[in-house]
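Below is one structure; the comments refer to it alone.
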Amino acid sequence: MSYDFRSLLPADFEDLARDLAGKAFRCRFEAFGPGPDGGVDGRHASAAGHFILQAKHMVDSPFASLKRTMKRERAAIDSLAPHRYSLVTSRSLTPANKAALAKEIGPALREQADILGPGDLNQLLRKHPAIERAHLKLWLSSTTVLESVVDAIVHSAFHGFTASTRQEIAAKVRVYAQNPSLAEARKILDQRHVLIVAGPPGVGKTTLAEILAFAYLGEGWDLIAIRSLEDGFGRIDDAKRQIFFFDDFLGSIAFDQRSLASTDSALATFMNRVRNSPNARFVLTTRAYILNEAKSASERLSDRRVGVSTYVLDLSSYTRAIRARILYNHLLVRNVPRKHLLALLNSGKLAKIVDHKNYNPRVIEWMTDSTHLEDISPGAYPNAFIAALDNPKALWDKAFRNHISPACRHLLIALFFTPTFGAAIAELQEAFGALHDRLCQELGIVRDPKDFEESLKRLESGFVEIRNGTVDFINPSVRDYLSDYLSDGQLLVDLAQAAGSGLAAKQIWNFAQRQLLSPDRQSQVAIGFAHLAARLETAPQRGFRNKSPKSDIDNSDRIDLLLEWWAVSGERLFYESALAIARNPPQGFVGWRDAPKLLEIARQLDDEGYFEITAETRLLKTKLEEAIISLLEGGMAMDDLERVSDLVEDRDTLYSPEVSEALHEAVTAAIENTPETCSDLTSESELDDHVRSLRKLAQRTPVSASILTTALTAVEDRRAEVAEDQTDSSEPEALQAKPVVQAFDDNALRDLFDSLR
């Protein structure tokens with residue numbers, strides 16, 4: 001692959017020049033900031049003296065410009081009196097060009113071969129492919145790799161990335177400031193196959209995960225961006241190289257044992273499934289405090305199986321040089337108006353920005369977006385930048401409160417209470433309609449039939465983006481702002497009364513649970529959902545393929561929500577609806593999806609820590625156990641039976657003997673049927689999981705040794721068949737951590753930004 005290096009920023013080119021020149025001359029160059037540096041972009045000190053390296057990124061400049069530049073540099077080079085000097089440039093050179101440059105550089109240049117042009121650099125890259133992969137921005141920007149990344153994203157059934165065109169991906173890669181976190185995260189992912197990227201809002205968790213995924217896509221992997229574990233279980237295929245991406249995977253869960261009871265079990269199961277697959281990788285992002293809360297509420301999430309694969313990304317991992325590079329890249333790439341740029345460079349406040357205690361890449365992104373600078377004069381730009389860092393939550397406050405209509409605000413609130421990856425326009429319109437009606441009535445605002453369409457038009461590009469019929473926030477910081485704005489207790493009561501579906505109610509309730517409301521206010525919020533009870537008894541489920549606005553959450557989730565509202569408010573209506581669903585669930589219960597949660601709810605109904613034990617709780621528990629028995633009698637996959645068995649085994653005395661009996665019969669039938677069912681297993685990792693489950697369940701269930709032996713033999717026979725067709729998969733090459741500038745003082749900071757002049 002041959003590069004013209006046009007996609008690299010000047011500072012990126014200097015990093016590459018140091019690494020390649022180091023290989024060419026078999027020495028290591030120290031890093032120095034770019035700019036008017038006295039002719040030093042890299043230095044190698046030895047007993048013989050200093051070997052000075054200088055990089056000139058002038059790919060689009062005429063040769064005459066490069067020659068004039070080197071003529072001006074001559075005095076600085078002579079004053080340095082290096083033992084040896086090398087020039088690395090992205091400007092294409094002929095032998096005559098090298099001879100002309102040699103005259104301008106003078107005696108410090110030993111020979112013309114110490115001038116490295118793009119042809120020399122490409123030759124070195126071919127000789128040292130590890131450097132090519134280490135400089136991800138260079139590799140990802142190549143036409144071939146970019147096209148493969150775009151193709152993988154376009155053909156992903158679950159498109160979770162905002163970038164979809166070649167130009168957008170190239171721009172994202174170009175502005176990215178590569179730092180050691182990428183190599184460290186890649187190393188964990190290669191070793192463990194599962195990586196949780198955690199950290200506070202705005203530090204670049206999603207960006208790191210996206211760039212990491214782009215690297216895999218460029219190597220021919222398939223992208224599966226998922227919104228739920230259900231999506232992941234439905235798509236994993238060991239015959240293909242797949243990278244799964246789940247952004248903000250804990251963002252919509254209330255962190256108590258009831259809400260996490262089935263989620264953490266499914267998460268651990270899917271993680272184990274990925275770990276045992278040679279061709280699967282799983283990247284998840286979450287906020288650090290959310291992960292910590294979830295771990296404190298869940299035994300499985302606090303298990304080291306999850307913890308060892310966590311990479312915490314926080315600002316302490318950003319050295320001063322990296323912070324400066326992030327700001328530098330944004331100022332250079334995002335088309336900050338020239339007058340604003342010069343005002344900032346001349347203000348003397350760059351160090352204050354880079355060293356600010358609230359430094360955050362998301363604020364940097366906002367304050368370098370030219371569309372947001374229209375109301376800021378060039379002279380006011382430096383102080384406005386500092387003010388944004390002083391109070392980052394104020395970025396959206398003025399625009400939200402003063403620049404948009406109430407209908408627009410209501411639409412943004414409706415969008416906030418949709419899944420993380422946005423909402424289909426039809427779904428959002430339905431949620432907006434219920435919310436808008438309620439809030440207009442509450443505030444005495446006149447409602448217009450065209451409010452939704454007009455609001456969506458006004459918000460597009462400023463607050464939201466619309467892609468392929470899906471609406472999402474244009475920047476995660478909008479969601480961060482709304483999270484604070486919506487923490488008002490009375491507003492949450494109004495939102496509960498306006499919720500048009502169980503899906504919206506679940507989002508609102510989970511959010512309200514995190515606000516630490518008083519018991520009275522919690523009760524008011526719960527009672528606000530009373531109008532939804534009848535809908536939850538009859539609405540069809542929102543399944544893997546059923547995404548219509550009329551569909552709703554799983555039946556077990558409905559019962560769970562209704563019982564939480566009953567426990568908090570004492571309203572009998574919620575109990576009666578939960579009992580009605582237990583007796584007659586819309587479209588029926590689904591074993592792998594509902595059984596674990598139904599078991600957990602049944603356990604809680606017999607635990608005075610959750611509910612007062614009464615005739616009502618005993619009746620509901622009986623109905624739930626009948627549903628669980630029915631699911632077991634209908635047959636379940638081996639891994640689902642294992643999850644159910646784990647829950648029953650942990651709390652065997654809390655369930656009726658009939659549940660244990662049905663479980664034993666289901667396990668026995670599953671083991672006996674293994675010779676028929678294992679033909680559906682298509683990978684060695686699935687077969688390994690099946691054997692492990694067989695042995696584990698056989699220890700808990702009285703099955704004869706001959707039945708177990710027959711089952712294990714059938715799995716081994718199937719393994720032999722799979723081995724013949726198994727595609728060989730090579731591990732992706734790990735990225736090497738790039739050297740970090742050892743010292744980055746104010747002079748280095750000034751030099752870096754002076755190159756923008």
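Convention: chains lettered A, B, ... in structure tokens order; per-chain residue numbering from 1; ligands numbered from 1 as shown.
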Non-local contacts of A:Asn358 (10 Å; only C-alpha atoms; under 6 positions in same chain excluded) as a PyMOL selection string = chain A and resi 315+386+388-392
Go ahead and write the selection's residues with C-alpha atoms as a compact mmCIF listing (two decimals), in the first residue's frame.
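Output file selection_16.txt is given in full below:
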# COMPACT_ATOMS: atom_id res chain seq x y z
CA LEU A 315 -8.44 12.42 32.07
CA ILE A 386 -12.53 29.38 29.36
CA ALA A 388 -17.28 26.84 28.74
CA LEU A 389 -14.68 24.89 30.72
CA ASP A 390 -15.61 26.71 33.93
CA ASN A 391 -19.24 25.66 33.50
CA PRO A 392 -19.54 22.94 30.82
Distance query stretch 444-460 of chain A at most 12 Å, only C-alpha atoms, self and fewer than 4 positions along chain excluded, as a compact mmCIF listing (two decimals) with all heavy atoms, in the first residue's frame:
# COMPACT_ATOMS: atom_id res chain seq x y z
N ALA A 399 -29.16 27.83 24.85
CA ALA A 399 -29.84 27.43 23.63
C ALA A 399 -31.14 26.70 23.94
O ALA A 399 -32.17 26.92 23.29
CB ALA A 399 -28.93 26.55 22.78
N PHE A 400 -31.12 25.83 24.95
CA PHE A 400 -32.31 25.04 25.28
C PHE A 400 -33.42 25.91 25.87
O PHE A 400 -34.58 25.78 25.50
CB PHE A 400 -31.93 23.94 26.27
CG PHE A 400 -33.07 23.03 26.65
CD1 PHE A 400 -33.42 21.97 25.83
CD2 PHE A 400 -33.78 23.23 27.83
CE1 PHE A 400 -34.47 21.13 26.17
CE2 PHE A 400 -34.83 22.39 28.17
CZ PHE A 400 -35.18 21.34 27.35
N HIS A 403 -33.53 29.64 23.01
CA HIS A 403 -33.45 29.69 21.55
C HIS A 403 -34.42 28.77 20.83
O HIS A 403 -34.53 28.81 19.61
CB HIS A 403 -32.03 29.36 21.09
CG HIS A 403 -31.03 30.40 21.47
ND1 HIS A 403 -29.67 30.23 21.28
CD2 HIS A 403 -31.18 31.63 22.04
CE1 HIS A 403 -29.03 31.31 21.71
NE2 HIS A 403 -29.92 32.16 22.18
N ILE A 404 -35.11 27.90 21.56
CA ILE A 404 -36.05 26.99 20.90
C ILE A 404 -37.42 27.07 21.58
O ILE A 404 -37.54 27.52 22.72
CB ILE A 404 -35.53 25.53 20.92
CG1 ILE A 404 -35.30 25.05 22.35
CG2 ILE A 404 -34.27 25.40 20.10
CD1 ILE A 404 -34.87 23.57 22.43
N SER A 405 -38.43 26.61 20.88
CA SER A 405 -39.81 26.69 21.36
C SER A 405 -40.09 25.61 22.39
O SER A 405 -39.35 24.62 22.49
CB SER A 405 -40.77 26.52 20.19
OG SER A 405 -40.66 25.20 19.66
N PRO A 406 -41.19 25.76 23.15
CA PRO A 406 -41.58 24.69 24.09
C PRO A 406 -41.77 23.35 23.38
O PRO A 406 -41.39 22.30 23.92
CB PRO A 406 -42.89 25.20 24.68
CG PRO A 406 -42.79 26.69 24.59
CD PRO A 406 -42.04 26.95 23.32
N ALA A 407 -42.32 23.37 22.17
CA ALA A 407 -42.53 22.12 21.43
C ALA A 407 -41.18 21.44 21.15
O ALA A 407 -41.06 20.21 21.24
CB ALA A 407 -43.28 22.38 20.14
N CYS A 408 -40.19 22.23 20.80
CA CYS A 408 -38.86 21.68 20.56
C CYS A 408 -38.29 21.08 21.84
O CYS A 408 -37.67 20.00 21.81
CB CYS A 408 -37.92 22.76 20.03
SG CYS A 408 -38.24 23.27 18.32
N ARG A 409 -38.49 21.76 22.94
CA ARG A 409 -38.00 21.23 24.22
C ARG A 409 -38.69 19.91 24.55
O ARG A 409 -38.07 18.97 25.02
CB ARG A 409 -38.20 22.26 25.34
CG ARG A 409 -37.31 23.48 25.21
CD ARG A 409 -37.26 24.28 26.50
NE ARG A 409 -38.49 25.01 26.74
CZ ARG A 409 -38.75 26.23 26.28
NH1 ARG A 409 -37.85 26.86 25.53
NH2 ARG A 409 -39.88 26.84 26.54
N HIS A 410 -39.99 19.86 24.29
CA HIS A 410 -40.73 18.63 24.58
C HIS A 410 -40.25 17.48 23.69
O HIS A 410 -40.18 16.33 24.14
CB HIS A 410 -42.23 18.87 24.38
CG HIS A 410 -42.79 19.91 25.29
ND1 HIS A 410 -44.04 20.48 25.11
CD2 HIS A 410 -42.26 20.52 26.40
CE1 HIS A 410 -44.25 21.38 26.06
NE2 HIS A 410 -43.19 21.42 26.85
N LEU A 411 -39.90 17.79 22.46
CA LEU A 411 -39.41 16.74 21.56
C LEU A 411 -38.07 16.20 22.06
O LEU A 411 -37.81 14.99 22.03
CB LEU A 411 -39.29 17.27 20.13
CG LEU A 411 -39.06 16.22 19.04
CD1 LEU A 411 -39.66 16.69 17.72
CD2 LEU A 411 -37.58 15.92 18.83
N LEU A 412 -37.20 17.10 22.52
CA LEU A 412 -35.90 16.67 23.05
C LEU A 412 -36.07 15.82 24.30
O LEU A 412 -35.34 14.84 24.51
CB LEU A 412 -35.01 17.87 23.34
CG LEU A 412 -34.52 18.65 22.11
CD1 LEU A 412 -33.79 19.92 22.53
CD2 LEU A 412 -33.61 17.78 21.25
N ALA A 414 -38.71 13.96 24.97
CA ALA A 414 -39.23 12.67 24.50
C ALA A 414 -38.09 11.80 23.96
O ALA A 414 -38.03 10.59 24.21
CB ALA A 414 -40.29 12.88 23.43
N LEU A 415 -37.17 12.43 23.24
CA LEU A 415 -36.03 11.69 22.68
C LEU A 415 -35.11 11.18 23.79
O LEU A 415 -34.54 10.10 23.68
CB LEU A 415 -35.26 12.59 21.71
CG LEU A 415 -34.04 11.98 21.01
CD1 LEU A 415 -34.46 10.76 20.19
CD2 LEU A 415 -33.36 13.02 20.13
N ILE A 425 -38.63 7.65 13.67
CA ILE A 425 -39.45 8.86 13.64
C ILE A 425 -40.87 8.57 14.12
O ILE A 425 -41.46 9.35 14.89
CB ILE A 425 -39.45 9.48 12.24
CG1 ILE A 425 -38.05 10.06 11.93
CG2 ILE A 425 -40.50 10.58 12.11
CD1 ILE A 425 -37.91 10.63 10.54
N ALA A 426 -41.45 7.44 13.68
CA ALA A 426 -42.82 7.12 14.08
C ALA A 426 -42.91 6.90 15.59
O ALA A 426 -43.87 7.36 16.24
CB ALA A 426 -43.30 5.87 13.35
N GLU A 427 -41.91 6.22 16.18
CA GLU A 427 -41.90 6.01 17.63
C GLU A 427 -41.77 7.33 18.38
O GLU A 427 -42.44 7.57 19.38
CB GLU A 427 -40.74 5.09 18.01
CG GLU A 427 -40.86 3.67 17.51
CD GLU A 427 -39.63 2.86 17.84
OE1 GLU A 427 -38.51 3.43 17.78
OE2 GLU A 427 -39.76 1.68 18.15
N LEU A 428 -40.86 8.17 17.88
CA LEU A 428 -40.64 9.45 18.54
C LEU A 428 -41.89 10.32 18.46
O LEU A 428 -42.23 11.03 19.42
CB LEU A 428 -39.45 10.17 17.90
CG LEU A 428 -39.06 11.52 18.50
CD1 LEU A 428 -38.72 11.38 19.98
CD2 LEU A 428 -37.89 12.13 17.74
N GLN A 429 -42.57 10.28 17.32
CA GLN A 429 -43.79 11.09 17.16
C GLN A 429 -44.86 10.67 18.16
O GLN A 429 -45.54 11.52 18.75
CB GLN A 429 -44.32 10.96 15.73
CG GLN A 429 -45.52 11.88 15.46
CD GLN A 429 -45.84 11.97 13.99
OE1 GLN A 429 -45.34 11.18 13.17
NE2 GLN A 429 -46.68 12.92 13.62
N GLU A 430 -44.98 9.35 18.36
CA GLU A 430 -45.98 8.87 19.33
C GLU A 430 -45.60 9.31 20.74
O GLU A 430 -46.45 9.78 21.50
CB GLU A 430 -46.09 7.35 19.25
CG GLU A 430 -47.15 6.80 20.20
CD GLU A 430 -47.26 5.29 20.15
OE1 GLU A 430 -46.21 4.63 20.04
OE2 GLU A 430 -48.37 4.78 20.25
N ALA A 431 -44.32 9.16 21.11
CA ALA A 431 -43.88 9.56 22.44
C ALA A 431 -44.04 11.06 22.63
O ALA A 431 -44.45 11.53 23.71
CB ALA A 431 -42.42 9.15 22.65
N PHE A 432 -43.70 11.83 21.61
CA PHE A 432 -43.83 13.29 21.67
C PHE A 432 -45.29 13.69 21.86
O PHE A 432 -45.60 14.59 22.66
CB PHE A 432 -43.28 13.91 20.39
CG PHE A 432 -43.61 15.37 20.21
CD1 PHE A 432 -42.87 16.36 20.85
CD2 PHE A 432 -44.68 15.75 19.41
CE1 PHE A 432 -43.19 17.70 20.68
CE2 PHE A 432 -45.00 17.09 19.24
CZ PHE A 432 -44.26 18.07 19.87
N GLY A 433 -46.19 13.03 21.11
CA GLY A 433 -47.60 13.42 21.18
C GLY A 433 -48.16 13.34 22.58
O GLY A 433 -48.80 14.29 23.06
N ALA A 434 -47.89 12.21 23.27
CA ALA A 434 -48.40 12.05 24.63
C ALA A 434 -47.76 13.05 25.58
O ALA A 434 -48.45 13.68 26.40
CB ALA A 434 -48.13 10.62 25.10
N LEU A 435 -46.44 13.23 25.47
CA LEU A 435 -45.74 14.16 26.35
C LEU A 435 -46.15 15.60 26.08
O LEU A 435 -46.40 16.38 27.01
CB LEU A 435 -44.23 13.99 26.15
CG LEU A 435 -43.33 14.97 26.91
CD1 LEU A 435 -43.44 14.74 28.40
CD2 LEU A 435 -41.88 14.81 26.45
N HIS A 436 -46.21 15.97 24.81
CA HIS A 436 -46.54 17.34 24.43
C HIS A 436 -47.95 17.71 24.90
O HIS A 436 -48.17 18.82 25.42
CB HIS A 436 -46.42 17.48 22.92
CG HIS A 436 -46.50 18.88 22.41
ND1 HIS A 436 -45.80 19.92 22.96
CD2 HIS A 436 -47.21 19.42 21.36
CE1 HIS A 436 -46.06 21.04 22.30
NE2 HIS A 436 -46.91 20.76 21.33
N ASP A 437 -48.90 16.80 24.71
CA ASP A 437 -50.27 17.06 25.17
C ASP A 437 -50.30 17.36 26.66
O ASP A 437 -50.93 18.31 27.12
CB ASP A 437 -51.17 15.86 24.87
CG ASP A 437 -51.56 15.78 23.40
OD1 ASP A 437 -51.37 16.78 22.69
OD2 ASP A 437 -52.04 14.72 22.97
N ARG A 438 -49.61 16.53 27.43
CA ARG A 438 -49.63 16.67 28.89
C ARG A 438 -48.98 17.97 29.34
O ARG A 438 -49.55 18.71 30.15
CB ARG A 438 -48.91 15.46 29.51
CG ARG A 438 -48.67 15.58 31.00
CD ARG A 438 -49.96 15.54 31.79
NE ARG A 438 -49.75 15.90 33.18
CZ ARG A 438 -50.72 16.01 34.07
NH1 ARG A 438 -51.97 15.80 33.71
NH2 ARG A 438 -50.46 16.34 35.31
N LEU A 439 -47.79 18.27 28.79
CA LEU A 439 -47.07 19.46 29.24
C LEU A 439 -47.73 20.74 28.75
O LEU A 439 -47.71 21.76 29.45
CB LEU A 439 -45.62 19.39 28.77
CG LEU A 439 -44.77 18.27 29.40
CD1 LEU A 439 -43.33 18.32 28.90
CD2 LEU A 439 -44.80 18.36 30.93
N CYS A 440 -48.33 20.72 27.56
CA CYS A 440 -49.07 21.90 27.09
C CYS A 440 -50.26 22.18 27.99
O CYS A 440 -50.57 23.33 28.31
CB CYS A 440 -49.53 21.69 25.64
SG CYS A 440 -48.22 21.87 24.42
N VAL A 464 -30.31 17.68 17.03
CA VAL A 464 -30.48 16.28 16.66
C VAL A 464 -29.98 16.04 15.25
O VAL A 464 -29.79 16.99 14.47
CB VAL A 464 -31.96 15.83 16.76
CG1 VAL A 464 -32.51 16.09 18.15
CG2 VAL A 464 -32.82 16.51 15.70
N GLU A 465 -29.77 14.78 14.93
CA GLU A 465 -29.47 14.39 13.56
C GLU A 465 -30.44 13.29 13.16
O GLU A 465 -30.91 12.51 14.01
CB GLU A 465 -28.03 13.90 13.41
CG GLU A 465 -27.70 12.68 14.24
CD GLU A 465 -26.26 12.24 14.03
OE1 GLU A 465 -25.57 12.87 13.20
OE2 GLU A 465 -25.86 11.28 14.69
N ILE A 466 -30.75 13.23 11.88
CA ILE A 466 -31.70 12.25 11.36
C ILE A 466 -30.98 11.40 10.33
O ILE A 466 -30.45 11.93 9.35
CB ILE A 466 -32.93 12.92 10.73
CG1 ILE A 466 -33.60 13.86 11.75
CG2 ILE A 466 -33.93 11.87 10.25
CD1 ILE A 466 -34.72 14.70 11.16
N ARG A 467 -30.95 10.10 10.58
CA ARG A 467 -30.29 9.17 9.65
C ARG A 467 -31.17 7.95 9.44
O ARG A 467 -31.54 7.29 10.40
CB ARG A 467 -28.94 8.69 10.19
CG ARG A 467 -27.84 9.69 10.11
CD ARG A 467 -26.54 9.02 10.57
NE ARG A 467 -25.47 9.99 10.65
CZ ARG A 467 -24.73 10.36 9.61
NH1 ARG A 467 -24.97 9.84 8.43
NH2 ARG A 467 -23.77 11.25 9.75
N THR A 470 -34.09 7.48 11.63
CA THR A 470 -33.87 7.44 13.07
C THR A 470 -33.36 8.79 13.55
O THR A 470 -32.52 9.41 12.91
CB THR A 470 -32.84 6.35 13.43
OG1 THR A 470 -33.35 5.08 13.03
CG2 THR A 470 -32.56 6.33 14.92
N VAL A 471 -33.90 9.25 14.67
CA VAL A 471 -33.52 10.54 15.25
C VAL A 471 -32.66 10.29 16.48
O VAL A 471 -33.00 9.46 17.34
CB VAL A 471 -34.77 11.36 15.65
CG1 VAL A 471 -34.36 12.75 16.14
CG2 VAL A 471 -35.74 11.47 14.49
N ASP A 472 -31.54 11.00 16.58
CA ASP A 472 -30.67 10.88 17.76
C ASP A 472 -30.07 12.25 18.07
O ASP A 472 -30.07 13.15 17.22
CB ASP A 472 -29.56 9.86 17.50
CG ASP A 472 -28.95 9.32 18.80
OD1 ASP A 472 -29.38 9.79 19.88
OD2 ASP A 472 -28.07 8.45 18.73
N PHE A 473 -29.54 12.40 19.28
CA PHE A 473 -28.90 13.65 19.64
C PHE A 473 -27.65 13.85 18.79
O PHE A 473 -26.91 12.91 18.52
CB PHE A 473 -28.52 13.66 21.12
CG PHE A 473 -29.71 13.70 22.05
CD1 PHE A 473 -29.99 12.63 22.89
CD2 PHE A 473 -30.55 14.80 22.07
CE1 PHE A 473 -31.08 12.67 23.73
CE2 PHE A 473 -31.65 14.84 22.91
CZ PHE A 473 -31.92 13.78 23.74
N ILE A 474 -27.42 15.09 18.39
CA ILE A 474 -26.27 15.37 17.54
C ILE A 474 -24.96 15.21 18.30
O ILE A 474 -23.91 14.95 17.72
CB ILE A 474 -26.38 16.80 16.95
CG1 ILE A 474 -25.43 16.96 15.76
CG2 ILE A 474 -26.14 17.87 18.02
CD1 ILE A 474 -25.68 18.22 14.96
N ASN A 475 -25.03 15.31 19.62
CA ASN A 475 -23.85 15.18 20.46
C ASN A 475 -24.29 14.62 21.81
O ASN A 475 -25.32 15.02 22.35
CB ASN A 475 -23.19 16.56 20.65
CG ASN A 475 -21.84 16.47 21.33
OD1 ASN A 475 -21.75 16.11 22.50
ND2 ASN A 475 -20.79 16.81 20.61
N VAL A 478 -25.74 16.76 24.77
CA VAL A 478 -27.14 17.18 24.89
C VAL A 478 -27.84 16.28 25.90
O VAL A 478 -28.58 16.75 26.77
CB VAL A 478 -27.88 17.11 23.53
CG1 VAL A 478 -29.27 17.72 23.66
CG2 VAL A 478 -27.09 17.83 22.45
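With only C-alpha atoms as the basis for measurement, A:Tyr381 is the residue among A:Phe29, A:Tyr381, A:Phe246, A:Trp366 that approaches A:Lys349 most closely.
If only C-alpha atoms are the atoms counted, then among A:His356, A:His193, A:Arg6, A:Lys393 the closest residue to A:Thr310 is A:His193.
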Strand (DSSP E or B) residues, from DSSP on the backbone, in stretch 184-216 of chain A, as an MDAnalysis selection string | chainID A and resid 194:199
Take the selection from the previous step and output its residues with N, CA, C and O atoms, as an mmCIF file, in the first residue's frame.
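Written output follows (again_20.cif):
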data_model
loop_
_atom_site.group_PDB
_atom_site.id
_atom_site.type_symbol
_atom_site.label_atom_id
_atom_site.label_comp_id
_atom_site.auth_asym_id
_atom_site.auth_seq_id
_atom_site.Cartn_x
_atom_site.Cartn_y
_atom_site.Cartn_z
ATOM 1 N N VAL A 194 -13.184 -9.470 25.229
ATOM 2 C CA VAL A 194 -14.242 -8.588 25.734
ATOM 3 C C VAL A 194 -13.596 -7.390 26.416
ATOM 4 O O VAL A 194 -12.656 -7.547 27.198
ATOM 5 N N LEU A 195 -14.093 -6.201 26.114
ATOM 6 C CA LEU A 195 -13.532 -4.983 26.700
ATOM 7 C C LEU A 195 -14.647 -4.019 27.069
ATOM 8 O O LEU A 195 -15.483 -3.673 26.234
ATOM 9 N N ILE A 196 -14.666 -3.609 28.335
ATOM 10 C CA ILE A 196 -15.567 -2.544 28.779
ATOM 11 C C ILE A 196 -14.750 -1.267 28.882
ATOM 12 O O ILE A 196 -13.804 -1.192 29.663
ATOM 13 N N VAL A 197 -15.106 -0.259 28.096
ATOM 14 C CA VAL A 197 -14.443 1.040 28.170
ATOM 15 C C VAL A 197 -15.294 1.924 29.079
ATOM 16 O O VAL A 197 -16.433 2.270 28.733
ATOM 17 N N ALA A 198 -14.759 2.274 30.228
ATOM 18 C CA ALA A 198 -15.515 3.047 31.211
ATOM 19 C C ALA A 198 -14.815 4.371 31.466
ATOM 20 O O ALA A 198 -13.614 4.519 31.239
ATOM 21 N N GLY A 199 -15.572 5.337 31.951
ATOM 22 C CA GLY A 199 -14.999 6.639 32.259
ATOM 23 C C GLY A 199 -16.097 7.670 32.430
ATOM 24 O O GLY A 199 -17.269 7.397 32.181
#
Tell me, counting only C-alpha atoms, for each residue of stretch 129-244 of chain A within 12 Å of stretch 673-695 of chain A, which pair of atoms is nearest and how far apart they are in Å to one decimal, in rows ordered by chain and increasing number, as CSV.
residue,atom,partner,partner_atom,distance
A:Ile236,CA,A:Glu686,CA,10.6
A:Asp237,CA,A:Thr682,CA,8.1
A:Asp238,CA,A:Ser683,CA,5.7
A:Ala239,CA,A:Ser683,CA,6.9
A:Lys240,CA,A:Ser683,CA,10.3
Can you list, as an MDAnalysis selection string, every protein, DNA or RNA residue that comes within 12 Å of A:Thr207 when you count only C-alpha atoms, leaving out same-chain residues fewer than 2 positions away?
-> chainID A and resid 161:163 169 172:173 175:178 181:182 197:198 201:205 209:214 245 247 283:285 313 361:362 365 475:476
